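The file work-v3.cif comes next; it holds mmCIF, C-alpha atoms and all ligand atoms.
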```cif
data_protein
loop_
_atom_site.label_atom_id
_atom_site.label_comp_id
_atom_site.auth_asym_id
_atom_site.auth_seq_id
_atom_site.Cartn_x
_atom_site.Cartn_y
_atom_site.Cartn_z
CA MET D 1 -2.84 -2.68 -32.34
CA SER D 2 -5.66 -1.40 -34.51
CA GLU D 3 -3.74 1.49 -36.14
CA THR D 4 -0.10 1.67 -37.20
CA LYS D 5 1.77 4.15 -35.01
CA ASN D 6 5.40 5.13 -34.80
CA LEU D 7 7.45 3.10 -32.36
CA ILE D 8 9.25 5.35 -29.85
CA TYR D 9 10.96 2.68 -27.73
CA ALA D 10 11.27 -1.12 -27.74
CA GLY D 11 12.15 -2.77 -24.42
CA LYS D 12 12.67 -6.45 -23.60
CA ALA D 13 8.93 -7.12 -23.10
CA LYS D 14 7.10 -3.90 -24.06
CA ASP D 15 6.93 -1.41 -26.92
CA VAL D 16 6.00 2.25 -26.61
CA TYR D 17 4.18 3.95 -29.50
CA GLU D 18 3.33 7.60 -30.12
CA THR D 19 -0.30 8.78 -30.35
CA GLU D 20 -1.95 11.84 -31.95
CA LYS D 21 -1.38 13.63 -28.64
CA ASP D 22 2.13 14.81 -27.74
CA ASP D 23 1.66 14.02 -24.05
CA GLU D 24 0.26 10.49 -24.42
CA VAL D 25 1.77 7.17 -25.53
CA ILE D 26 0.57 3.60 -25.99
CA VAL D 27 2.41 0.96 -23.97
CA ALA D 28 2.05 -2.41 -25.73
CA PHE D 29 2.87 -5.54 -23.70
CA ARG D 30 4.55 -8.29 -25.74
CA ASP D 31 4.64 -12.03 -25.06
CA ASP D 32 8.45 -12.05 -24.85
CA ILE D 33 9.99 -13.09 -21.55
CA THR D 34 13.67 -12.71 -20.64
CA ALA D 35 15.84 -13.38 -17.60
CA GLY D 36 19.49 -13.29 -16.56
CA ASP D 37 20.38 -9.97 -18.21
CA GLY D 38 18.47 -11.02 -21.35
CA GLU D 39 20.39 -14.31 -21.74
CA LYS D 40 17.38 -16.60 -21.23
CA LYS D 41 14.53 -15.83 -23.67
CA ASP D 42 11.16 -17.23 -24.67
CA ASN D 43 7.79 -16.18 -26.02
CA LEU D 44 4.72 -17.19 -24.03
CA LYS D 45 1.42 -16.73 -25.82
CA GLY D 46 -0.94 -14.54 -23.80
CA LYS D 47 1.67 -13.27 -21.32
CA GLY D 48 1.51 -9.66 -22.60
CA HIS D 49 -2.23 -9.67 -22.26
CA CYS D 50 -2.04 -11.06 -18.69
CA ASN D 51 0.57 -8.49 -17.66
CA SER D 52 -1.42 -5.59 -19.12
CA LEU D 53 -4.50 -6.63 -17.12
CA ILE D 54 -2.55 -7.11 -13.88
CA SER D 55 -0.63 -3.83 -14.31
CA SER D 56 -3.82 -1.89 -15.11
CA LYS D 57 -5.52 -3.21 -11.99
CA LEU D 58 -2.54 -2.37 -9.77
CA PHE D 59 -2.15 1.11 -11.29
CA GLU D 60 -5.88 1.70 -10.65
CA VAL D 61 -5.45 0.62 -7.01
CA LEU D 62 -2.51 3.05 -6.64
CA GLU D 63 -4.35 5.94 -8.36
CA SER D 64 -7.29 5.45 -5.99
CA ASN D 65 -4.75 5.83 -3.15
CA ASN D 66 -3.43 9.15 -4.55
CA ILE D 67 -0.26 7.79 -6.16
CA LYS D 68 0.45 9.51 -9.51
CA THR D 69 0.95 6.97 -12.30
CA GLN D 70 1.31 7.22 -16.06
CA TYR D 71 -1.66 4.88 -16.58
CA ILE D 72 -4.75 6.31 -18.30
CA LYS D 73 -6.70 3.23 -19.43
CA LEU D 74 -6.50 -0.12 -21.18
CA ILE D 75 -7.48 0.44 -24.80
CA GLU D 76 -7.30 -3.06 -26.17
CA ASN D 77 -5.90 -6.45 -25.19
CA GLY D 78 -2.33 -5.85 -24.12
CA SER D 79 -2.25 -2.09 -24.84
CA MET D 80 -2.39 0.66 -22.29
CA LEU D 81 -2.92 4.36 -23.03
CA SER D 82 -0.46 6.20 -20.80
CA LYS D 83 0.86 9.69 -20.07
CA LYS D 84 4.18 10.35 -21.77
CA LEU D 85 7.03 10.57 -19.27
CA ASP D 86 10.68 11.43 -19.46
CA MET D 87 11.91 8.21 -17.83
CA ILE D 88 14.56 8.29 -15.10
CA PRO D 89 17.12 5.46 -15.67
CA LEU D 90 16.62 3.88 -12.24
CA GLU D 91 15.29 0.48 -11.20
CA VAL D 92 13.80 1.16 -7.79
CA ILE D 93 13.55 -2.11 -5.89
CA ALA D 94 11.62 -2.60 -2.64
CA ARG D 95 12.20 -5.75 -0.59
CA ASN D 96 10.06 -7.15 2.24
CA ILE D 97 11.76 -10.55 2.36
CA ALA D 98 15.41 -11.39 1.68
CA THR D 99 15.71 -13.49 -1.46
CA GLY D 100 17.04 -13.28 -5.03
CA SER D 101 20.14 -11.24 -5.77
CA LEU D 102 20.24 -9.82 -2.23
CA LEU D 103 21.35 -13.24 -0.92
CA LYS D 104 24.15 -13.44 -3.49
CA ARG D 105 25.55 -10.08 -2.43
CA PHE D 106 24.99 -9.86 1.34
CA PRO D 107 24.85 -12.26 4.31
CA PHE D 108 21.08 -12.10 4.88
CA GLU D 109 19.29 -15.27 5.92
CA GLU D 110 17.13 -16.74 3.17
CA ASN D 111 13.51 -15.55 3.55
CA GLN D 112 14.46 -13.22 6.43
CA LYS D 113 11.73 -10.60 6.98
CA LEU D 114 13.00 -7.11 6.18
CA ASP D 115 11.26 -4.64 8.47
CA PRO D 116 11.57 -1.78 7.62
CA PRO D 117 11.65 -2.77 3.96
CA ILE D 118 14.85 -2.25 1.98
CA ILE D 119 14.78 0.22 -0.90
CA GLN D 120 17.55 -0.36 -3.42
CA MET D 121 18.30 1.65 -6.55
CA ASP D 122 19.98 0.10 -9.59
CA PHE D 123 21.23 2.01 -12.64
CA LYS D 124 19.04 0.95 -15.60
CA ASN D 125 21.81 0.48 -18.09
CA ASP D 126 22.38 -2.71 -20.14
CA GLU D 127 26.00 -1.81 -20.96
CA TYR D 128 26.90 -1.67 -17.26
CA HIS D 129 24.52 -4.56 -16.29
CA ASP D 130 22.27 -2.49 -13.99
CA PRO D 131 24.73 -1.91 -11.11
CA MET D 132 23.53 -0.99 -7.64
CA LEU D 133 23.76 2.75 -6.90
CA ASN D 134 24.04 4.93 -3.85
CA ASP D 135 22.66 8.47 -3.60
CA GLU D 136 26.03 10.14 -4.22
CA ILE D 137 26.73 8.19 -7.42
CA THR D 138 23.17 8.83 -8.66
CA ILE D 139 23.48 12.56 -8.02
CA SER D 140 27.00 12.77 -9.51
CA LEU D 141 25.81 11.01 -12.67
CA GLY D 142 23.06 13.65 -12.95
CA ILE D 143 20.33 10.97 -12.81
CA ALA D 144 18.36 12.65 -10.00
CA THR D 145 18.74 15.25 -7.24
CA GLN D 146 18.72 14.36 -3.53
CA GLU D 147 15.19 15.82 -3.25
CA GLU D 148 14.01 13.67 -6.14
CA LEU D 149 15.63 10.55 -4.64
CA ASP D 150 13.97 11.23 -1.28
CA GLU D 151 10.61 11.66 -3.02
CA ILE D 152 11.09 8.45 -5.04
CA LYS D 153 11.93 6.51 -1.85
CA ASN D 154 8.88 7.93 -0.03
CA ILE D 155 6.53 7.10 -2.89
CA THR D 156 8.01 3.58 -3.15
CA LEU D 157 7.41 2.93 0.56
CA LYS D 158 3.80 4.12 0.19
CA ILE D 159 3.32 1.91 -2.88
CA ASN D 160 4.76 -1.05 -0.97
CA LYS D 161 2.22 -0.56 1.82
CA ILE D 162 -0.75 -0.13 -0.52
CA LEU D 163 0.11 -3.08 -2.76
CA SER D 164 1.12 -5.39 0.11
CA GLU D 165 -2.31 -4.85 1.74
CA PHE D 166 -4.23 -5.18 -1.54
CA LEU D 167 -2.39 -8.35 -2.59
CA LYS D 168 -2.67 -9.91 0.87
CA GLU D 169 -6.45 -9.83 0.46
CA LYS D 170 -6.01 -11.69 -2.82
CA GLY D 171 -3.89 -14.41 -1.16
CA ILE D 172 -0.55 -13.06 -2.39
CA LEU D 173 2.54 -12.14 -0.37
CA LEU D 174 4.42 -9.23 -1.98
CA VAL D 175 8.05 -10.32 -1.48
CA ASP D 176 9.80 -7.66 -3.58
CA PHE D 177 9.28 -5.59 -6.72
CA LYS D 178 10.91 -3.19 -9.15
CA LEU D 179 9.48 0.20 -10.11
CA GLU D 180 10.46 2.78 -12.70
CA PHE D 181 9.65 6.47 -12.45
CA GLY D 182 9.63 9.35 -14.91
CA LYS D 183 8.86 13.04 -15.01
CA ASP D 184 5.79 14.60 -16.64
CA GLU D 185 5.93 17.90 -18.54
CA LYS D 186 5.64 19.82 -15.25
CA GLY D 187 8.59 17.94 -13.72
CA ASN D 188 6.40 15.88 -11.35
CA ILE D 189 7.74 12.45 -10.39
CA VAL D 190 5.26 9.89 -11.75
CA LEU D 191 5.24 6.07 -11.56
CA GLY D 192 5.66 4.49 -15.00
CA ASP D 193 6.45 1.13 -16.59
CA GLU D 194 4.50 -1.88 -15.26
CA ILE D 195 3.77 -3.83 -12.08
CA SER D 196 3.35 -7.47 -13.04
CA PRO D 197 4.72 -10.96 -12.33
CA ASP D 198 7.61 -9.94 -14.63
CA THR D 199 8.69 -7.20 -12.22
CA CYS D 200 7.61 -8.49 -8.79
CA ARG D 201 8.02 -11.54 -6.58
CA TYR D 202 4.61 -12.82 -5.55
CA TRP D 203 4.31 -15.84 -3.25
CA ASP D 204 1.17 -17.77 -2.41
CA ILE D 205 0.38 -16.54 1.10
CA ASP D 206 -0.32 -20.05 2.43
CA THR D 207 2.09 -22.30 0.55
CA LEU D 208 4.82 -19.69 -0.26
CA GLU D 209 4.78 -21.09 -3.80
CA THR D 210 6.28 -18.86 -6.54
CA LEU D 211 3.63 -16.94 -8.55
CA ASP D 212 5.92 -14.84 -10.78
CA LYS D 213 8.84 -14.78 -13.24
CA ASP D 214 11.02 -16.82 -10.85
CA SER D 215 9.10 -19.82 -12.32
CA PHE D 216 10.72 -18.96 -15.69
CA ARG D 217 14.12 -18.22 -14.14
CA LYS D 218 14.00 -21.69 -12.49
CA GLY D 219 13.02 -23.38 -15.79
CA GLN D 220 9.54 -24.56 -14.69
CA ASP D 221 7.21 -25.71 -17.49
CA ASN D 222 4.05 -24.11 -16.02
CA VAL D 223 5.01 -20.41 -16.33
CA MET D 224 1.93 -19.35 -18.33
CA ASP D 225 -0.39 -21.30 -15.97
CA ILE D 226 1.11 -19.28 -13.11
CA TYR D 227 0.62 -15.92 -14.90
CA GLU D 228 -3.01 -16.83 -15.66
CA GLN D 229 -3.54 -17.88 -12.05
CA VAL D 230 -2.20 -14.51 -10.81
CA CYS D 231 -4.38 -12.66 -13.32
CA ASN D 232 -7.42 -14.53 -11.97
CA MET D 233 -6.43 -13.74 -8.38
CA ILE D 234 -5.86 -9.98 -8.97
CA VAL D 235 -8.28 -8.91 -11.72
CA ASN D 236 -12.00 -9.12 -11.03
CA LYS D 237 -14.27 -11.36 -13.13
CA GLU D 238 -16.12 -8.44 -14.78
CA ASP D 239 -12.87 -6.93 -16.09
CA LEU D 240 -11.65 -10.32 -17.33
CA ALA D 241 -14.99 -10.79 -19.16
CA LYS D 242 -14.82 -7.24 -20.59
CA TRP D 243 -11.45 -8.04 -22.21
CA GLY D 244 -12.61 -11.44 -23.41
CA VAL D 245 -10.46 -13.44 -21.03
CA SER D 246 -11.45 -16.86 -19.72
CA PHE D 247 -8.57 -18.83 -18.32
P1 LIG A 301 16.60 -9.32 -7.65
O1 LIG A 301 17.50 -8.14 -7.47
O2 LIG A 301 16.45 -10.14 -6.41
O3 LIG A 301 16.96 -10.13 -8.86
O4 LIG A 301 15.16 -8.72 -7.99
C1 LIG A 301 14.40 -8.01 -7.03
C2 LIG A 301 13.02 -7.69 -7.61
O5 LIG A 301 13.12 -6.69 -8.61
C3 LIG A 301 12.34 -8.89 -8.27
O6 LIG A 301 10.95 -8.78 -8.01
C4 LIG A 301 12.62 -8.71 -9.75
O7 LIG A 301 11.59 -9.25 -10.54
C5 LIG A 301 12.71 -7.19 -9.88
N1 LIG A 301 13.75 -6.79 -10.82
C6 LIG A 301 15.02 -6.43 -10.56
N2 LIG A 301 15.69 -6.12 -11.68
C7 LIG A 301 14.82 -6.28 -12.69
C8 LIG A 301 14.92 -6.11 -14.12
O8 LIG A 301 15.95 -5.72 -14.68
N3 LIG A 301 13.80 -6.38 -14.83
C9 LIG A 301 12.64 -6.81 -14.23
N4 LIG A 301 11.57 -7.06 -15.01
N5 LIG A 301 12.51 -6.95 -12.90
C10 LIG A 301 13.59 -6.71 -12.15
#
```
I need this file expressed as structure tokens, please.
Ligand code: 5GP
Amino acid sequence: MSETKNLIYAGKAKDVYETEKDDEVIVAFRDDITAGDGEKKDNLKGKGHCNSLISSKLFEVLESNNIKTQYIKLIENGSMLSKKLDMIPLEVIARNIATGSLLKRFPFEENQKLDPPIIQMDFKNDEYHDPMLNDEITISLGIATQEELDEIKNITLKINKILSEFLKEKGILLVDFKLEFGKDEKGNIVLGDEISPDTCRYWDIDTLETLDKDSFRKGQDNVMDIYEQVCNMIVNKEDLAKWGVSF
């Protein structure tokens, strides 16, 4: 980052810094990568940059489809100017295909199509290892009201439709993904965080090959090649050139 700013929050792969404006923050994507509740860790040069470009593009696609997001603009490699949100401690997961942790917990068939998609909410809380919630627990904990949960589910279904169609055109099958929402100063529910290969399962539409963080979870040695490939598939050439990227 060009100027030193106060750090507000440090996550597992991103930092959030304050700006001169009370209602804006800078989200800085780091090269750190973690899996398995933070037990598996590495640092992959260029990953933060890739994820910032992919997230920016996907936030722009959502904004152009009338979804409110915290994204304002990319300001430099790996750093996104964003609206400040009061984050809701939920991991909102949408699933189009049964895989991952769903198979460990329930008797779905591997790669079974989920139509309608499944929306699952986990409590974003390291101490409790992000347990799965239901509406009643979420409301009792004071995390969100029923109206807010209904709105979050509706927005997530819309996002799933928009991104599935957009990514399909790029040769990517959107298998599942995790979103995080927050509230702006008026109390509006707004999409925050990131949408990247760290937070989604992307499969090659023809070969069903993994194009996301599952490559790291499985211990593959080509994780960065995969992230760069996805960046090339999703972000147009002009934007890659503008940010000095040539993979
Ligand atoms: P699963 O529950 O199968 O492990 O994950 C479902 C989807 O949500 C995957 O796309 C996964 O990347 C995403 N996801 C679930 N929990 C987390 C999390 O704590 N951090 C990140 N980055 N993604 C998550």
Around ligand LIG 301 (chain A), out to 9 Å and counting only C-alpha atoms and all ligand atoms, which residues are there? I want them as a compact mmCIF listing (two decimals) with C-alpha atoms, in the coordinates of the input.
```txt
# COMPACT_ATOMS: atom_id res chain seq x y z
CA LYS D 12 12.67 -6.45 -23.60
CA ALA D 13 8.93 -7.12 -23.10
CA THR D 34 13.67 -12.71 -20.64
CA ALA D 35 15.84 -13.38 -17.60
CA GLY D 36 19.49 -13.29 -16.56
CA ASP D 37 20.38 -9.97 -18.21
CA GLY D 38 18.47 -11.02 -21.35
CA GLU D 91 15.29 0.48 -11.20
CA VAL D 92 13.80 1.16 -7.79
CA ILE D 93 13.55 -2.11 -5.89
CA ALA D 94 11.62 -2.60 -2.64
CA ARG D 95 12.20 -5.75 -0.59
CA ALA D 98 15.41 -11.39 1.68
CA THR D 99 15.71 -13.49 -1.46
CA GLY D 100 17.04 -13.28 -5.03
CA SER D 101 20.14 -11.24 -5.77
CA LEU D 102 20.24 -9.82 -2.23
CA LEU D 103 21.35 -13.24 -0.92
CA LYS D 104 24.15 -13.44 -3.49
CA GLN D 120 17.55 -0.36 -3.42
CA ASP D 122 19.98 0.10 -9.59
CA LYS D 124 19.04 0.95 -15.60
CA ASP D 126 22.38 -2.71 -20.14
CA HIS D 129 24.52 -4.56 -16.29
CA ASP D 130 22.27 -2.49 -13.99
CA LEU D 174 4.42 -9.23 -1.98
CA VAL D 175 8.05 -10.32 -1.48
CA ASP D 176 9.80 -7.66 -3.58
CA PHE D 177 9.28 -5.59 -6.72
CA LYS D 178 10.91 -3.19 -9.15
CA LEU D 179 9.48 0.20 -10.11
CA GLU D 194 4.50 -1.88 -15.26
CA ILE D 195 3.77 -3.83 -12.08
CA SER D 196 3.35 -7.47 -13.04
CA PRO D 197 4.72 -10.96 -12.33
CA ASP D 198 7.61 -9.94 -14.63
CA THR D 199 8.69 -7.20 -12.22
CA CYS D 200 7.61 -8.49 -8.79
CA ARG D 201 8.02 -11.54 -6.58
CA TYR D 202 4.61 -12.82 -5.55
CA ASP D 212 5.92 -14.84 -10.78
CA LYS D 213 8.84 -14.78 -13.24
CA ASP D 214 11.02 -16.82 -10.85
```
| atom CA of Glu76 of chain D and atom CA of Leu7 of chain D are how many Å apart? |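 Those two atoms sit 17.1 Å apart.
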For a quick check of your reading of the model, name the residues lying within 9 Å of the coordinate (1.5, 7.4, -7.2), counting all atoms listed in the file, and write them as a short mmCIF file (atom, residue, chain, number, x, y, z; two decimals) with C-alpha atoms, in the coordinates of the input.
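New file result.cif:
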```
data_model
loop_
_atom_site.label_atom_id
_atom_site.label_comp_id
_atom_site.auth_asym_id
_atom_site.auth_seq_id
_atom_site.Cartn_x
_atom_site.Cartn_y
_atom_site.Cartn_z
CA PHE D 59 -2.15 1.11 -11.29
CA LEU D 62 -2.51 3.05 -6.64
CA GLU D 63 -4.35 5.94 -8.36
CA ASN D 65 -4.75 5.83 -3.15
CA ASN D 66 -3.43 9.15 -4.55
CA ILE D 67 -0.26 7.79 -6.16
CA LYS D 68 0.45 9.51 -9.51
CA THR D 69 0.95 6.97 -12.30
CA GLN D 70 1.31 7.22 -16.06
CA ILE D 155 6.53 7.10 -2.89
CA THR D 156 8.01 3.58 -3.15
CA LYS D 158 3.80 4.12 0.19
CA ILE D 159 3.32 1.91 -2.88
CA ILE D 189 7.74 12.45 -10.39
CA VAL D 190 5.26 9.89 -11.75
CA LEU D 191 5.24 6.07 -11.56
#
```
| query | Which is closer to Asp23 of chain D than all the others in D:Leu211, D:Leu44, D:Cys50, D:Leu81, using all atoms listed in the file? | reply |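 Ranked by minimum distance to Asp23 of chain D, first place goes to D:Leu81.
Put simply, atom CA of Lys113 of chain D is 15.6 Å away from atom CA of Leu157 of chain D.
Nearest residue to Gly192 of chain D, choosing from D:Glu180, D:Leu74, D:Asp31, D:Val25 and counting all atoms listed in the file: D:Glu180.
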| request: Grab the atom CA of Glu147 of chain D to atom CA of Phe123 of chain D distance for me, in Å with one decimal place. | output: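 Computing the Euclidean distance for atom CA of Glu147 of chain D and atom CA of Phe123 of chain D yields 17.8 Å.
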| request: Fewer than 2 positions away in the same chain doesn't count, so skip those; otherwise give me all residues within 12 Å of Phe166 of chain D, counting all atoms listed in the file, as a list in words. | output: Lys57, Leu58, Phe59, Glu60, Val61, Leu62, Ser64, Asn65, Ile159, Asn160, Lys161, Ile162, Leu163, Ser164, Lys168, Glu169, Lys170, Gly171, Ile172, Leu173, Leu174, Met233, Ile234 and Val235 of chain D
| Looking at only C-alpha atoms, which of D:Val230, D:Leu53, D:Met80, D:Ile72 is the one that sits closest to Ile26 of chain D? |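 Going through D:Val230, D:Leu53, D:Met80, D:Ile72 one by one, the smallest distance to Ile26 of chain D is for D:Met80.
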| query | Using only C-alpha atoms, which of the listed residues (D:Leu149, D:Ile97, D:Ile137, D:Leu90) sits closest to Met121 of chain D? | reply |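 So, comparing all the options, the nearest one is D:Leu90.
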| field | Nearest candidate to Pro116 of chain D (options D:Asn43, D:Asn96, D:Ser140, D:Gln220; using all atoms listed in the file) | value |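 Of D:Asn43, D:Asn96, D:Ser140, D:Gln220, the one nearest Pro116 of chain D is D:Asn96, counting all atoms listed in the file.
Candidate residues D:Gln229, D:Met87, D:Asn77, D:Gln146 were compared for distance to Tyr9 of chain D, and the nearest is D:Met87, using only C-alpha atoms.
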| query | Which residues come within 12 Å of His49 of chain D, counting all atoms listed in the file, excluding same-chain residues fewer than 2 positions away, as a PyMOL selection string? | reply | chain D and resi 13-14+27-32+44-47+51-56+74-80+196+224+227-228+231+240+243-247
